[in-house]
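A short worksheet on the structure shown next.
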Amino acid sequence: MEAALTENRDDLAQVAEVSRSREKILAEIKKVIVGQDAIIEQLLIALLCRGHCLLEGVPGLAKTLLISTLAEILELRFNRIQFTPDLMPSDITGTEILEEDVSSGRRSFKFIKGPIFCNILLADEINRTPPKTQAALLQAMQEYKVTAGGATYLMDPPFFVLATQNPIEHEGTYPLPEAQLDRFMFNLFIDYPPIEDEVEIVTTTTSAYHPRLQKVMHSTHLLEIQELVRRVPVASHVVRYAVRLVQASRPKNPQAPDFVREWVNWGAGPRASQYLVLGAKSRALIQGRPTVTVEDVRALAPAVLRHRILTNFAASAAGINSLTVVHRLLEEVGIEE
């Protein structure tokens, strides 16, 4: 499999082209967004993997601006939904209306598509809405289709969901259940910018500067890259490392370290292993490399595992969170030769 890809000159040419496209995308985004390089790269990795992201950060850190800018650069249809306690599932997926034919007088139901029918969807403050409405996203995220009124409607790929959560306010929120958290490839935390970046943000946004964004690629090209990601070869020891890392997070696994048994109630499932390997392929690709290394897996482990590891009361009492557990796992799970 590895030889087949490395010998395919078209694929190798595409790898180099993807790396160049990444540089162009970053250059265009930087016309609008200051800093946040790691977040931008992880968003691109998830997008190329057909994954979805859960983004946590306080208000005012340009989350919406970042996603709308990315959609504009890639010529993708962008919609934003503000999740509220009174939001209904039909407000997301769409609703049926009774329509009358003027000429014949016959009445029939017509489905009006909701805002979920787009390429990039920003689900703002997803934990502000009840579980029934949160679940309206699940089928679309996993199967790229929506069922309403007994009929199924296919969505046009690509489809990427970025959901945000406010880490400060918890009153009146509905925490996402673990099964739904598992549908998100990455859980990313966007922090306050350093002083130099914040000075540049304030200077730019309070001036008459209006950036002109250039289109970097269109949806057809993006779909081709998503297929290319699947063809990137992965050595068996890299896959084994990803699986061993995930299995070590499970307290009932015989190979789990003592600190996992002490601090963790539930570890990550097989979907975490899949996303680690798929994300590693995408990371190698956008960096211009045709093969994947263990370092690619390690670099993505915090974003993939932090929302899939459920710590217990003993961990909370000791000030330990899931991210601490992930970093300890990276230190203790060795690399097989």
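Labels for the structure tokens follow display order: chains A, B, ..., residues from 1 in each chain, ligands from 1.
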
Segment 259-291 of chain A residues near segment 185-207 of chain A within 12 Å, closest pair each, using only C-alpha atoms, as a tab-separated table:
```
residue	atom	partner	partner_atom	distance
A:Arg271	CA	A:Met185	CA	8.6
A:Ala272	CA	A:Met185	CA	7.8
A:Ser273	CA	A:Met185	CA	10.6
A:Gln274	CA	A:Met185	CA	9.5
A:Tyr275	CA	A:Met185	CA	6.3
A:Leu276	CA	A:Met185	CA	8.8
A:Val277	CA	A:Met185	CA	11.4
A:Leu278	CA	A:Met185	CA	9.9
A:Gly279	CA	A:Met185	CA	8.7
```

| field | Contacts of Gln214 of chain A within 8 Å, only C-alpha atoms, excl. fewer than 2 positions in-chain, as a PyMOL selection string | value | chain A and resi 28+73+212+216

Dump of N, CA and C atoms for the selected residues, as a short mmCIF file (atom, residue, chain, number, x, y, z; two decimals), in the first residue's frame:
```cif
data_model
loop_
_atom_site.label_atom_id
_atom_site.label_comp_id
_atom_site.auth_asym_id
_atom_site.auth_seq_id
_atom_site.Cartn_x
_atom_site.Cartn_y
_atom_site.Cartn_z
N GLU A 28 -3.98 34.12 3.78
CA GLU A 28 -5.24 34.84 3.66
C GLU A 28 -5.91 35.02 5.02
N ILE A 73 -12.60 31.88 2.06
CA ILE A 73 -11.37 31.56 1.34
C ILE A 73 -11.55 30.29 0.51
N ARG A 212 -8.87 42.36 1.75
CA ARG A 212 -9.47 41.75 0.56
C ARG A 212 -8.98 40.31 0.47
N VAL A 216 -8.79 30.58 -2.39
CA VAL A 216 -7.65 29.68 -2.52
C VAL A 216 -8.03 28.39 -3.24
#
```

| message | Residues within 12 Å of Leu329 of chain A, please, as an NGL selection string. Count only C-alpha atoms; anything in the same chain fewer than 6 positions from it doesn't count. | response | :A and (241-242 or 244-250 or 255-260 or 267 or 298 or 301-302 or 305-306 or 309 or 322-323 or 335)

How would the residues just chosen look if you wrote them out with C-alpha atoms as an mmCIF file, in the first residue's frame?
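Output (part.cif):
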```cif
data_model
loop_
_atom_site.group_PDB
_atom_site.id
_atom_site.type_symbol
_atom_site.label_atom_id
_atom_site.label_comp_id
_atom_site.auth_asym_id
_atom_site.auth_seq_id
_atom_site.Cartn_x
_atom_site.Cartn_y
_atom_site.Cartn_z
ATOM 1 C CA TYR A 241 1.200 3.323 18.865
ATOM 2 C CA ALA A 242 -2.105 5.163 18.363
ATOM 3 C CA ARG A 244 -1.823 1.453 22.497
ATOM 4 C CA LEU A 245 -2.153 5.104 23.556
ATOM 5 C CA VAL A 246 -5.946 4.903 23.443
ATOM 6 C CA GLN A 247 -6.124 1.524 25.173
ATOM 7 C CA ALA A 248 -3.871 2.792 27.966
ATOM 8 C CA SER A 249 -6.543 5.412 28.763
ATOM 9 C CA ARG A 250 -9.021 2.692 29.784
ATOM 10 C CA GLN A 255 -1.887 -2.390 30.228
ATOM 11 C CA ALA A 256 -3.334 0.773 31.794
ATOM 12 C CA PRO A 257 -0.879 2.676 34.044
ATOM 13 C CA ASP A 258 -1.653 2.981 37.746
ATOM 14 C CA PHE A 259 -2.572 6.675 37.488
ATOM 15 C CA VAL A 260 -5.270 5.836 34.920
ATOM 16 C CA GLY A 267 -11.279 5.944 28.721
ATOM 17 C CA ARG A 298 1.513 12.591 19.565
ATOM 18 C CA ALA A 301 -3.380 13.341 21.048
ATOM 19 C CA PRO A 302 -4.485 16.186 23.399
ATOM 20 C CA LEU A 305 -8.402 12.505 23.735
ATOM 21 C CA ARG A 306 -9.197 15.351 26.151
ATOM 22 C CA ILE A 309 -11.444 10.617 28.926
ATOM 23 C CA SER A 322 -8.391 14.827 31.400
ATOM 24 C CA LEU A 323 -5.672 16.898 29.720
ATOM 25 C CA ILE A 335 7.172 3.849 21.079
#
```

| task | Would you please work out which residue, of A:Ala303, A:Leu137, A:Pro131, A:Leu222, is nearest to Ile39 of chain A when using only C-alpha atoms? | result |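 Closest to Ile39 of chain A, using only C-alpha atoms: A:Ala303.
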
| query | Which of segment 237-328 of chain A counts as helix (DSSP H, G or I) under DSSP, as a PyMOL selection string please? | reply | chain A and resi 237-247+258-263+270-286+294-305+313-317+322-328

| request: With a distance cut-off of 12 Å and only C-alpha atoms, select the neighbouring residues of Leu213 of chain A, excluding the residue or stretch itself and same-chain residues fewer than 6 positions from it, and output the selection as a list of chain:residue names. | output: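 Here the answer would be A:Lys24, A:Ile25, A:Leu26, A:Ala27, A:Glu28, A:Ile29, A:Lys30, A:Lys31, A:Val32, A:Ile33, A:Ser68, A:Thr69, A:Leu70, A:Ala71, A:Glu72, A:Ile73, A:Leu74, A:Glu75.
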
| Selection near segment 10-12 of chain A, 12 Å with only C-alpha atoms, sequence-local residues under 5 positions removed, as a count of residues only | 21

| request: Run DSSP on the backbone of this structure and report the residues of segment 96-181 of chain A it assigns to strand (DSSP E), as a VMD selection string. | output: chain A and resid 96 to 100 107 to 113 120 to 124 145 to 148 151 to 154 160 to 165

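Contact shell of segment 124-126 of chain A at 8 Å (only C-alpha atoms; same-chain neighbours under 3 positions omitted): Arg80, Ile81, Gln82, Phe83, Thr84, Thr129, Gln134, Ala163, Thr164, Gln165 and Asn166 of chain A.
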
| said: Which residues are close to Ala317 of chain A, i.e. within 12 Å by only C-alpha atoms, leaving aside same-chain residues fewer than 5 positions away? Reply as a PyMOL selection string. | reply: chain A and resi 262-263+311-312

So that I have them on file, write out the residues from the current selection with C-alpha atoms, as a short mmCIF file (atom, residue, chain, number, x, y, z; two decimals), in the first residue's frame.
```
data_model
loop_
_atom_site.label_atom_id
_atom_site.label_comp_id
_atom_site.auth_asym_id
_atom_site.auth_seq_id
_atom_site.Cartn_x
_atom_site.Cartn_y
_atom_site.Cartn_z
CA GLU A 262 -6.71 5.86 40.03
CA TRP A 263 -8.08 8.90 38.16
CA THR A 311 -12.00 11.51 35.17
CA ASN A 312 -13.42 10.58 38.58
#
```

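Put simply, atom CA of Gly57 of chain A is 26.5 Å away from atom CA of Glu295 of chain A.
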
| field | Nearest to Ala299 of chain A by atom-to-atom distance, counting only C-alpha atoms, from A:Ala151, A:Ile320, A:Ala38, A:Ile120 | value |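 Closest to Ala299 of chain A of all the choices is A:Ala38.
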